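Participant: One structure coming up, written as C-alpha cells, with questions to follow.
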Amino acid sequence: MIVITAPTGNIGRQLLSLLVEAAPACGEKVRVVVRDPARLPEGVRGQVEVVTGSHGDAASVERAFTGADAVFWLVPPDASVTPDEAYSGFTRPAARAFATHGVGHVVGVSALGRGTPQAARAGLVTASLAMDDLIAGSGVAYRALASPSFFENLLEEADSIRENGVFTDTVAADRPAPLVAVADIAATAARLLLDRSWKGVDSVPVLGPQDLSPEDLARIMTEELGRPVRYRRQPLDELRSTLLGYGLAEAFVDGVVDMKRAKDQGLDSGLDRSPQAAPATGFAQWCAQTLKPAVFATTPEATDAR
C-alpha cells in the first residue's frame, strides 16, 4: 500500500497518474489523503482508496497510514503561520503515525542546501531541512527529494511575460543555479516508492540538466516564445512589502525573503549531476511544452483560433 499526500497539487497529481498506471503490475495499491475528493481526476477516483481530510490532522493520518508500506510526503504551503509551524508543526502528527503503524518507507519533497554555509539561515529551506530531520527521527527509511526552484514558478509570470516581456526574481542576473521540472520530481518519487530496496536516510538531489542564470532563462524563453523576454531583478525589500501586502504572515514572509537571499548567496550551487537516475527535462523543452501554451493561452490570436 502506497499513500500519496497532496494528490491534487502540481507534483502529487503527476505522481498519482504514474502510480495508478504502474502500481497494479507491481502488486501495489494506492491510497490518497485529500481534503476534497471531487478535485481528484475522474479517471482515477475508482482506482484508489480515498481518505478525506488533511494530512496534517492526527485523525486523518491515523486512518491513512494504517496498513501503509510507503508514503509520499509533501507539505502544502501555508503562509498564515511561521515556517517551523508550516513544515515541522504540520508534519508532527504524521511522524508519530509513521512509527505507530510501522510505515517502512517515506519519500518527501524537500530542498537543496543541507551542509552549506547558508543552510541555517535560509528561511523556508531551513524549515524544510528540519522537517526532514523530524521524519528521519521517526525510524522510517527516508529519502528527501532535494529540489531547487521549479520551472513551474515561471507560470506565475505568464501574464507579465505576455504583456510586458518581463519576468522577475531576486537573484543576480548572472548567477547560475539548478532548476527542475515538477514532472522529474514526480518520476523520481514514483521510482523510489515502487522499488523500496533502499534503506536508511538520505537526500536525493533532483535537478535539471544544467545550471541556468536568469539571463540564460531570458535568452531561452526569447528563442522558444519567439518574442523578446528580459529579466528584472526585484529588491528583497520590495518583495517583502509585496508579500505583506497580500496579507501573508510576517514570519512566513521573512522565511521567503531569507530563502531568496540564501539562494542569491549560492545555496543551490555547486552540485554534481552525475549519475542521475533518469533523464532530466531541459528548460527549452519545458518552455515549448508548458510555458508557451500558458503565455499565449489568452492572446487575441488564440481566442480567434478557437
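By order of appearance in the C-alpha cells: chains A, B, ..., then residues from 1 within every chain, and ligands from 1 in the order shown.
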Applying 6 Å and only C-alpha atoms, which residues near Gly208 (chain A) remain after dropping the ones on its own chain fewer than 3 positions away? List them as a list in words.
Facilitator: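 Listing them by chain and then by number gives Leu179, Val180 and Ala280 of chain A.
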Participant: If you keep N, CA and C atoms, can you produce a file of those selected residues as a compact mmCIF listing (two decimals), in the first residue's frame?
Facilitator:
```txt
# COMPACT_ATOMS: atom_id res chain seq x y z
N LEU A 179 17.56 24.32 -11.76
CA LEU A 179 16.10 24.40 -11.69
C LEU A 179 15.57 23.05 -12.16
N VAL A 180 14.32 22.74 -11.83
CA VAL A 180 13.80 21.41 -12.14
C VAL A 180 12.33 21.50 -12.54
N ALA A 280 16.75 14.25 -17.32
CA ALA A 280 16.09 15.42 -16.76
C ALA A 280 15.49 16.27 -17.88
```
Participant: As a PyMOL selection string, please: every residue in region 137-266 of chain A that a backbone DSSP assignment puts in alpha helix (DSSP H).
Facilitator: chain A and resi 158-164+182-194+214-225+236-245+250-264
Participant: Can you pull out every residue from region 51-105 of chain A that DSSP, working from the backbone, puts in strand (DSSP E or B), and format the result as number ranges by chain?
Facilitator: A: 51-52, 70-73, 105
Participant: Find the residues around region 249-254 of chain A up to 7 Å (only C-alpha atoms counted), leave out those fewer than 3 positions away in its own chain, and share them as a PyMOL selection string.
Facilitator: chain A and resi 79-83+240+243-244+257-258
Participant: Name the residues in contact with Ile4 (chain A) at a cut-off of 9 Å, using only C-alpha atoms, excluding same-chain residues fewer than 6 positions from it; report them as a PDB file with N, CA, C and O atoms, in the first residue's frame.
Facilitator:
```pdb
ATOM      1  N   GLY A  12       1.893  16.095  -6.863  1.00  0.00           N
ATOM      2  CA  GLY A  12       1.073  14.960  -6.463  1.00  0.00           C
ATOM      3  C   GLY A  12       0.207  14.416  -7.578  1.00  0.00           C
ATOM      4  O   GLY A  12       0.065  13.192  -7.715  1.00  0.00           O
ATOM      5  N   LEU A  15       2.414  12.390  -9.879  1.00  0.00           N
ATOM      6  CA  LEU A  15       2.789  11.146  -9.213  1.00  0.00           C
ATOM      7  C   LEU A  15       1.612  10.185  -9.177  1.00  0.00           C
ATOM      8  O   LEU A  15       1.766   8.977  -9.426  1.00  0.00           O
ATOM      9  N   LEU A  16       0.434  10.694  -8.875  1.00  0.00           N
ATOM     10  CA  LEU A  16      -0.760   9.849  -8.815  1.00  0.00           C
ATOM     11  C   LEU A  16      -0.991   9.156 -10.151  1.00  0.00           C
ATOM     12  O   LEU A  16      -1.262   7.947 -10.204  1.00  0.00           O
ATOM     13  N   VAL A  30      -2.935   1.870  -4.094  1.00  0.00           N
ATOM     14  CA  VAL A  30      -2.684   3.293  -3.872  1.00  0.00           C
ATOM     15  C   VAL A  30      -3.821   3.878  -3.048  1.00  0.00           C
ATOM     16  O   VAL A  30      -5.000   3.644  -3.335  1.00  0.00           O
ATOM     17  N   ARG A  31      -3.442   4.644  -2.048  1.00  0.00           N
ATOM     18  CA  ARG A  31      -4.398   5.353  -1.198  1.00  0.00           C
ATOM     19  C   ARG A  31      -4.004   6.823  -1.197  1.00  0.00           C
ATOM     20  O   ARG A  31      -2.811   7.161  -1.208  1.00  0.00           O
ATOM     21  N   VAL A  32      -4.963   7.716  -1.195  1.00  0.00           N
ATOM     22  CA  VAL A  32      -4.668   9.151  -1.187  1.00  0.00           C
ATOM     23  C   VAL A  32      -5.331   9.812   0.012  1.00  0.00           C
ATOM     24  O   VAL A  32      -6.374   9.354   0.495  1.00  0.00           O
ATOM     25  N   VAL A  33      -4.700  10.887   0.494  1.00  0.00           N
ATOM     26  CA  VAL A  33      -5.278  11.737   1.529  1.00  0.00           C
ATOM     27  C   VAL A  33      -5.594  13.069   0.877  1.00  0.00           C
ATOM     28  O   VAL A  33      -4.696  13.743   0.358  1.00  0.00           O
ATOM     29  N   VAL A  34      -6.871  13.467   0.896  1.00  0.00           N
ATOM     30  CA  VAL A  34      -7.270  14.666   0.165  1.00  0.00           C
ATOM     31  C   VAL A  34      -8.431  15.338   0.890  1.00  0.00           C
ATOM     32  O   VAL A  34      -9.327  14.668   1.401  1.00  0.00           O
ATOM     33  N   ALA A  70       4.410   2.465   2.349  1.00  0.00           N
ATOM     34  CA  ALA A  70       5.207   3.602   1.890  1.00  0.00           C
ATOM     35  C   ALA A  70       4.312   4.827   1.780  1.00  0.00           C
ATOM     36  O   ALA A  70       3.115   4.713   1.514  1.00  0.00           O
ATOM     37  N   VAL A  71       4.915   5.989   1.998  1.00  0.00           N
ATOM     38  CA  VAL A  71       4.175   7.252   1.975  1.00  0.00           C
ATOM     39  C   VAL A  71       4.955   8.281   1.170  1.00  0.00           C
ATOM     40  O   VAL A  71       6.175   8.410   1.328  1.00  0.00           O
ATOM     41  N   PHE A  72       4.242   8.993   0.314  1.00  0.00           N
ATOM     42  CA  PHE A  72       4.782  10.193  -0.323  1.00  0.00           C
ATOM     43  C   PHE A  72       4.333  11.379   0.505  1.00  0.00           C
ATOM     44  O   PHE A  72       3.132  11.611   0.680  1.00  0.00           O
ATOM     45  N   TRP A  73       5.308  12.177   0.998  1.00  0.00           N
ATOM     46  CA  TRP A  73       5.004  13.256   1.920  1.00  0.00           C
ATOM     47  C   TRP A  73       5.335  14.607   1.298  1.00  0.00           C
ATOM     48  O   TRP A  73       6.465  14.865   0.891  1.00  0.00           O
ATOM     49  N   LEU A  74       4.331  15.462   1.219  1.00  0.00           N
ATOM     50  CA  LEU A  74       4.520  16.812   0.708  1.00  0.00           C
ATOM     51  C   LEU A  74       3.702  17.765   1.561  1.00  0.00           C
ATOM     52  O   LEU A  74       2.492  17.577   1.738  1.00  0.00           O
TER      53      LEU A  74
END
```
Participant: Which residue out of A:Ser197, A:Thr100, A:Asn164, A:Thr281 has the minimum interatomic distance to Pro209 (chain A) when only C-alpha atoms are used?
Facilitator: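 Of A:Ser197, A:Thr100, A:Asn164, A:Thr281, the one nearest Pro209 (chain A) is A:Thr281, counting only C-alpha atoms.
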Participant: Report the closest atom pair, with its distance in Å rounded to one decimal, for each residue of region 47-140 of chain A that has an atom no farther than 12 Å from region 263-269 of chain A; count only C-alpha atoms, sort by chain and then rising residue number, and write it as a Markdown table.
Facilitator:
```
| residue | atom | partner | partner_atom | distance |
| --- | --- | --- | --- | --- |
| A:Ala111 | CA | A:Asp268 | CA | 8.8 |
| A:Leu112 | CA | A:Asp268 | CA | 5.8 |
| A:Gly113 | CA | A:Leu267 | CA | 5.4 |
| A:Arg114 | CA | A:Leu267 | CA | 8.8 |
| A:Gly115 | CA | A:Leu267 | CA | 9.6 |
| A:Thr116 | CA | A:Leu267 | CA | 6.6 |
| A:Pro117 | CA | A:Leu267 | CA | 7.9 |
| A:Gln118 | CA | A:Leu267 | CA | 5.9 |
| A:Ala119 | CA | A:Leu267 | CA | 7.2 |
| A:Ala120 | CA | A:Leu267 | CA | 10.6 |
| A:Arg121 | CA | A:Leu267 | CA | 10.2 |
| A:Ala122 | CA | A:Lys263 | CA | 8.0 |
| A:Gly123 | CA | A:Lys263 | CA | 10.5 |
| A:Leu124 | CA | A:Lys263 | CA | 11.3 |
| A:Val125 | CA | A:Leu267 | CA | 9.5 |
| A:Thr126 | CA | A:Leu267 | CA | 10.9 |
```
Participant: Quick one: everything within 8 Å of region 132-137 of chain A, counting only C-alpha atoms, minus sequence neighbours fewer than 6 positions away in the same chain. Send it as a list of chain:residue names.
Facilitator: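 The contact residues come out as A:Ser88, A:Thr91, A:Arg92, A:Ala95, A:Gly108, A:Ser110, A:Ala144, A:Val201.
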Participant: Would you save the residues of that selection, restricted to all heavy atoms, as a PDB file, in the first residue's frame?
Facilitator:
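So again-v6.pdb came out as:
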```pdb
ATOM      1  N   SER A  88       7.498  21.569  10.177  1.00  0.00           N
ATOM      2  CA  SER A  88       7.573  20.580  11.262  1.00  0.00           C
ATOM      3  C   SER A  88       6.266  20.479  12.033  1.00  0.00           C
ATOM      4  O   SER A  88       5.830  19.376  12.394  1.00  0.00           O
ATOM      5  CB  SER A  88       8.725  20.926  12.213  1.00  0.00           C
ATOM      6  OG  SER A  88       9.973  20.727  11.573  1.00  0.00           O
ATOM      7  N   THR A  91       3.916  18.406  10.180  1.00  0.00           N
ATOM      8  CA  THR A  91       4.388  17.034   9.975  1.00  0.00           C
ATOM      9  C   THR A  91       4.362  16.185  11.244  1.00  0.00           C
ATOM     10  O   THR A  91       4.350  14.955  11.155  1.00  0.00           O
ATOM     11  CB  THR A  91       5.818  17.074   9.390  1.00  0.00           C
ATOM     12  OG1 THR A  91       5.802  17.818   8.162  1.00  0.00           O
ATOM     13  CG2 THR A  91       6.381  15.698   9.124  1.00  0.00           C
ATOM     14  N   ARG A  92       4.338  16.792  12.417  1.00  0.00           N
ATOM     15  CA  ARG A  92       4.465  16.018  13.661  1.00  0.00           C
ATOM     16  C   ARG A  92       3.421  14.918  13.813  1.00  0.00           C
ATOM     17  O   ARG A  92       3.769  13.794  14.196  1.00  0.00           O
ATOM     18  CB  ARG A  92       4.445  16.957  14.872  1.00  0.00           C
ATOM     19  CG  ARG A  92       5.755  17.676  15.066  1.00  0.00           C
ATOM     20  CD  ARG A  92       5.865  18.413  16.390  1.00  0.00           C
ATOM     21  NE  ARG A  92       7.138  19.119  16.415  1.00  0.00           N
ATOM     22  CZ  ARG A  92       7.300  20.401  16.101  1.00  0.00           C
ATOM     23  NH1 ARG A  92       6.226  21.125  15.746  1.00  0.00           N
ATOM     24  NH2 ARG A  92       8.490  20.967  16.114  1.00  0.00           N
ATOM     25  N   ALA A  95       4.584  12.062  11.616  1.00  0.00           N
ATOM     26  CA  ALA A  95       5.782  11.377  12.114  1.00  0.00           C
ATOM     27  C   ALA A  95       5.426  10.399  13.228  1.00  0.00           C
ATOM     28  O   ALA A  95       5.972   9.287  13.294  1.00  0.00           O
ATOM     29  CB  ALA A  95       6.804  12.405  12.596  1.00  0.00           C
ATOM     30  N   GLY A 108       9.882  12.221   0.699  1.00  0.00           N
ATOM     31  CA  GLY A 108       9.375  13.570   0.944  1.00  0.00           C
ATOM     32  C   GLY A 108       9.975  14.583   0.002  1.00  0.00           C
ATOM     33  O   GLY A 108      11.104  14.423  -0.484  1.00  0.00           O
ATOM     34  N   SER A 110      11.658  18.007  -0.420  1.00  0.00           N
ATOM     35  CA  SER A 110      12.418  18.926   0.421  1.00  0.00           C
ATOM     36  C   SER A 110      13.207  19.880  -0.460  1.00  0.00           C
ATOM     37  O   SER A 110      12.791  20.188  -1.581  1.00  0.00           O
ATOM     38  CB  SER A 110      13.326  18.124   1.370  1.00  0.00           C
ATOM     39  OG  SER A 110      13.969  18.975   2.293  1.00  0.00           O
ATOM     40  N   ALA A 144      14.723  12.212   1.089  1.00  0.00           N
ATOM     41  CA  ALA A 144      14.298  13.595   0.876  1.00  0.00           C
ATOM     42  C   ALA A 144      14.657  13.991  -0.548  1.00  0.00           C
ATOM     43  O   ALA A 144      15.837  13.950  -0.925  1.00  0.00           O
ATOM     44  CB  ALA A 144      14.993  14.517   1.871  1.00  0.00           C
ATOM     45  N   VAL A 201      18.571   6.728   5.721  1.00  0.00           N
ATOM     46  CA  VAL A 201      18.138   8.109   5.471  1.00  0.00           C
ATOM     47  C   VAL A 201      19.125   8.774   4.527  1.00  0.00           C
ATOM     48  O   VAL A 201      20.334   8.679   4.717  1.00  0.00           O
ATOM     49  CB  VAL A 201      18.057   8.900   6.794  1.00  0.00           C
ATOM     50  CG1 VAL A 201      17.742  10.375   6.527  1.00  0.00           C
ATOM     51  CG2 VAL A 201      17.017   8.284   7.727  1.00  0.00           C
TER      52      VAL A 201
END
```
Participant: Skip Gln210 (chain A) itself and residues of its chain fewer than 3 positions away, then list as a VMD selection string all residues within 9 Å of it, counting only C-alpha atoms.
Facilitator: chain A and resid 176 to 179 207 273 282 to 283
Participant: Separation of CA of Gly139 (chain A) and CA of Asp69 (chain A), in Å?
Facilitator: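 We find that CA of Gly139 (chain A) and CA of Asp69 (chain A) lie 13.3 Å from each other.
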Participant: Counting only C-alpha atoms, which of A:Leu271, A:Ala158, A:Ile220, A:Val50 gets nearest to Asp36 (chain A)?
Facilitator: A:Val50
